[in-house]
$ cat target.txt   # compact mmCIF, C-alpha atoms
# COMPACT_ATOMS: atom_id res chain seq x y z
CA MET A 54 15.50 -13.68 -2.53
CA ALA A 55 11.92 -14.49 -1.62
CA ILE A 56 11.24 -15.60 -5.19
CA LEU A 57 14.19 -18.00 -5.06
CA ARG A 58 12.88 -19.50 -1.81
CA TYR A 59 9.44 -19.80 -3.36
CA LEU A 60 10.78 -21.47 -6.52
CA THR A 61 12.89 -23.88 -4.45
CA LYS A 62 9.82 -24.73 -2.37
CA LEU A 63 7.64 -25.01 -5.47
CA THR A 64 10.01 -27.14 -7.58
CA GLY A 65 11.91 -29.04 -4.90
CA LEU A 66 15.15 -28.25 -6.78
CA GLN A 67 18.30 -27.30 -4.91
CA ALA A 68 21.42 -25.50 -6.12
CA GLY A 69 23.22 -27.65 -8.70
CA ASP A 70 20.14 -29.75 -9.64
CA GLU A 71 19.37 -30.01 -13.33
CA PRO A 72 15.76 -29.00 -13.96
CA GLU A 73 13.64 -30.52 -16.68
CA VAL A 74 13.15 -28.03 -19.50
CA HIS A 75 9.63 -27.54 -20.83
CA GLU A 76 8.50 -25.06 -23.42
CA ILE A 77 6.14 -22.55 -21.84
CA PRO A 78 3.77 -20.61 -24.08
CA LEU A 79 4.40 -16.86 -23.89
CA GLN A 80 0.76 -16.07 -23.47
CA SER A 81 -1.99 -18.18 -22.05
CA SER A 82 -5.48 -17.97 -23.45
CA LYS A 83 -6.90 -18.87 -20.05
CA PRO A 84 -8.21 -15.76 -18.29
CA THR A 85 -6.99 -15.03 -14.78
CA ASN A 86 -8.96 -14.06 -11.71
CA VAL A 87 -6.21 -11.70 -10.51
CA GLY A 88 -8.27 -8.55 -11.09
CA GLN A 89 -11.35 -9.92 -9.34
CA LEU A 90 -9.35 -11.33 -6.43
CA THR A 91 -7.39 -8.10 -6.02
CA ALA A 92 -10.58 -6.04 -6.04
CA ARG A 93 -12.15 -8.41 -3.50
CA LEU A 94 -9.09 -8.18 -1.25
CA SER A 95 -9.06 -4.40 -1.59
CA ARG A 96 -12.73 -4.15 -0.58
CA ALA A 97 -12.20 -6.46 2.40
CA LEU A 98 -9.13 -4.57 3.61
CA LYS A 99 -10.83 -1.20 3.17
CA ALA A 100 -13.94 -2.35 5.05
CA ARG A 101 -11.84 -3.70 7.91
CA LEU A 102 -9.68 -0.56 7.98
CA THR A 103 -12.71 1.74 7.93
CA GLU A 104 -14.31 -0.16 10.82
CA THR A 105 -11.07 -0.14 12.82
CA MET A 106 -10.61 3.59 12.22
CA LYS A 107 -14.17 4.29 13.40
CA GLN A 108 -13.53 2.24 16.54
CA GLU A 109 -10.51 4.47 17.21
CA GLY A 110 -12.57 7.65 16.72
CA PHE A 111 -11.47 8.56 13.20
CA ASP A 112 -14.89 9.09 11.64
CA ASP A 113 -13.73 11.95 9.38
CA ILE A 114 -10.59 10.31 8.02
CA ASP A 115 -10.57 7.49 5.50
CA SER A 116 -7.77 5.27 4.21
CA ALA A 117 -6.72 7.78 1.53
CA HIS A 118 -6.08 10.39 4.24
CA GLY A 119 -4.22 7.74 6.21
CA ASP A 120 -1.91 7.20 3.23
CA ILE A 121 -1.00 10.90 3.24
CA LEU A 122 -0.46 10.91 7.00
CA ASN A 123 1.73 7.80 6.77
CA VAL A 124 3.98 9.50 4.20
CA LEU A 125 4.26 12.55 6.47
CA TYR A 126 5.01 10.33 9.48
CA ARG A 127 7.85 8.65 7.59
CA GLN A 128 9.20 11.61 5.61
CA GLY A 129 8.39 14.73 7.60
CA PRO A 130 7.61 17.88 5.56
CA THR A 131 6.95 16.72 2.00
CA SER A 132 6.11 18.44 -1.28
CA MET A 133 2.74 17.86 -2.92
CA THR A 134 4.53 16.24 -5.85
CA ASP A 135 6.35 13.80 -3.58
CA LEU A 136 3.15 13.08 -1.62
CA ALA A 137 1.43 12.21 -4.89
CA ARG A 138 4.26 9.93 -5.97
CA ARG A 139 4.61 8.17 -2.62
CA SER A 140 0.85 7.70 -2.16
CA HIS A 141 0.34 6.64 -5.80
CA ARG A 142 -2.22 9.37 -6.41
CA THR A 143 -2.51 12.36 -8.71
CA LYS A 144 -1.47 15.80 -7.50
CA ALA A 145 -5.09 16.94 -7.83
CA THR A 146 -6.26 14.11 -5.55
CA VAL A 147 -3.50 14.84 -3.03
CA THR A 148 -4.50 18.52 -2.99
CA VAL A 149 -8.07 17.57 -2.04
CA LEU A 150 -6.85 15.12 0.62
CA VAL A 151 -4.45 17.67 2.13
CA LYS A 152 -7.16 20.34 2.22
CA LYS A 153 -9.37 17.92 4.19
CA LEU A 154 -6.50 17.10 6.57
CA GLU A 155 -5.90 20.84 7.04
CA SER A 156 -9.57 21.41 7.84
CA LEU A 157 -9.35 18.65 10.48
CA GLY A 158 -6.22 20.19 11.99
CA CYS A 159 -4.02 17.24 11.01
CA ALA A 160 -1.78 18.91 8.39
CA ASN A 161 -0.42 22.33 7.43
CA THR A 162 0.94 23.72 4.22
CA LEU A 163 4.21 25.47 4.95
CA ASP A 164 4.35 28.04 2.19
CA GLY A 165 1.91 30.31 0.42
CA ARG A 166 1.79 28.20 -2.73
CA SER A 167 0.86 25.07 -0.75
CA CYS A 168 3.84 23.14 -2.13
CA LEU A 169 5.18 21.78 1.17
CA VAL A 170 3.00 19.86 3.63
CA ASP A 171 3.76 18.95 7.23
CA LEU A 172 1.90 17.46 10.18
CA ALA A 173 -0.08 19.76 12.45
CA ASP A 174 -0.45 19.11 16.18
CA LYS A 175 -3.51 16.91 15.77
CA GLY A 176 -1.79 14.88 13.05
CA ASN A 177 1.17 14.27 15.35
CA ALA A 178 -1.16 13.40 18.22
CA CYS A 179 -2.85 10.71 16.09
CA ARG A 180 0.39 9.00 15.11
CA GLN A 181 0.34 6.28 17.81
CA LYS A 182 -3.27 5.36 17.03
CA PHE A 183 -2.52 5.17 13.28
CA GLU A 184 0.51 2.99 13.94
CA ALA A 185 -1.61 0.70 16.15
CA ILE A 186 -4.24 0.46 13.41
CA SER A 187 -1.55 -0.38 10.84
CA LYS A 188 -0.17 -3.06 13.14
CA ARG A 189 -3.62 -4.64 13.58
CA MET A 190 -4.17 -4.66 9.83
CA ASP A 191 -0.74 -6.22 9.32
CA GLN A 192 -1.51 -8.91 11.93
CA ALA A 193 -4.73 -9.78 10.10
CA VAL A 194 -2.76 -10.46 6.92
CA ARG A 195 -0.02 -12.33 8.79
CA GLY A 196 -2.67 -14.57 10.33
CA ALA A 197 -3.58 -15.90 6.90
CA LEU A 198 -0.12 -16.38 5.34
CA SER A 199 3.34 -17.68 6.18
CA VAL A 200 6.37 -15.37 6.07
CA ASP A 201 7.47 -16.88 2.74
CA GLU A 202 3.97 -16.50 1.29
CA ILE A 203 3.84 -12.84 2.37
CA GLU A 204 7.23 -12.15 0.76
CA THR A 205 6.16 -13.90 -2.45
CA LEU A 206 2.80 -12.12 -2.53
CA GLU A 207 4.45 -8.73 -1.98
CA ASP A 208 6.98 -9.41 -4.76
CA LEU A 209 4.24 -10.47 -7.17
CA MET A 210 2.00 -7.52 -6.29
CA ARG A 211 4.88 -5.07 -6.86
CA LYS A 212 5.59 -6.70 -10.22
CA ILE A 213 1.96 -6.52 -11.35
CA SER A 214 1.58 -2.94 -10.08
CA ALA A 215 4.73 -1.82 -11.91
CA GLN A 216 3.53 -3.47 -15.12
CA LEU A 217 0.09 -1.87 -14.92
CA GLU A 218 1.57 1.54 -14.04
CA ARG A 219 3.97 1.34 -17.03
CA ALA A 220 1.10 0.39 -19.31
CA ALA A 221 -0.94 3.37 -18.10
CA HIS A 222 1.77 5.84 -19.14
$ encode --input "target.txt" --output "structure tokens"
Amino acid sequence: MAILRYLTKLTGLQAGDEPEVHEIPLQSSKPTNVGQLTARLSRALKARLTETMKQEGFDDIDSAHGDILNVLYRQGPTSMTDLARRSHRTKATVTVLVKKLESLGCANTLDGRSCLVDLADKGNACRQKFEAISKRMDQAVRGALSVDEIETLEDLMRKISAQLERAAH
């Protein structure tokens, strides 16, 4: 739906209008800056998130640990495989992140084979602060873009991510 609003805004066409048809080359030889801009945005977001987390007293936890905690906040007890899928990380990486969260008292593995992970008391106690941090980060993005632009950007980022993930497999 957001893409339709964007295209209507972009083209000025309304339902029933006849658009002009132009042949569009399938591939452009002009290089894009998408990779550079995405990397720049990622660095800026990570720096802001890291600073905000330090201000809230989370010196030992970085954004990768926050991704694991956010999955556990939303899902409750979760398997390592599902944590990896939902956080877009490998199982090996998730294992390292969970071990760190366990050492900090934020997470527990619920069976001897470490297949199911849940929040520990400290992880639950941090939930409100993490949600406040997420809200501040979200407000920073919302301050730069309109609602339609955010929806369009999210749609485009999902599309690019899916394409790159398919190509990697």
$ residues_near_point --input "target.txt" --point "(-2.7, 9.9, -4.1)" --cutoff "12 Å" --atoms "all atoms listed in the file" --output "JSON, numbers by chain"
{"A": [116, 117, 118, 119, 120, 121, 122, 123, 124, 133, 134, 135, 136, 137, 138, 139, 140, 141, 142, 143, 144, 145, 146, 147, 148, 149, 150, 151]}
$ residues_around --input "target.txt" --residues "A:Leu172" --least-positions-apart "6" --cutoff "12 Å" --atoms "only C-alpha atoms" --output "PyMOL selection string"
chain A and resi 121-131+151+154-155+157-163+178-180
$ closest_residue --input "target.txt" --among "A:Val87, A:Ile114, A:Met106, A:Leu98" --to "A:Met210" --atoms "all atoms listed in the file"
A:Val87
$ atom_distance --input "target.txt" --atom1 "atom CA of A:Phe183" --atom2 "atom CA of A:Glu202"
25.6 Å
$ atom_distance --input "target.txt" --atom1 "atom CA of A:Leu206" --atom2 "atom CA of A:Thr105"
23.9 Å
$ atom_distance --input "target.txt" --atom1 "atom CA of A:Arg101" --atom2 "atom CA of A:Asn86"
22.4 Å
$ residues_near_point --input "target.txt" --point "(-6.5, -12.7, 5.2)" --cutoff "9 Å" --atoms "all atoms listed in the file" --output "VMD selection string"
chain A and resid 94 97 to 98 193 to 198
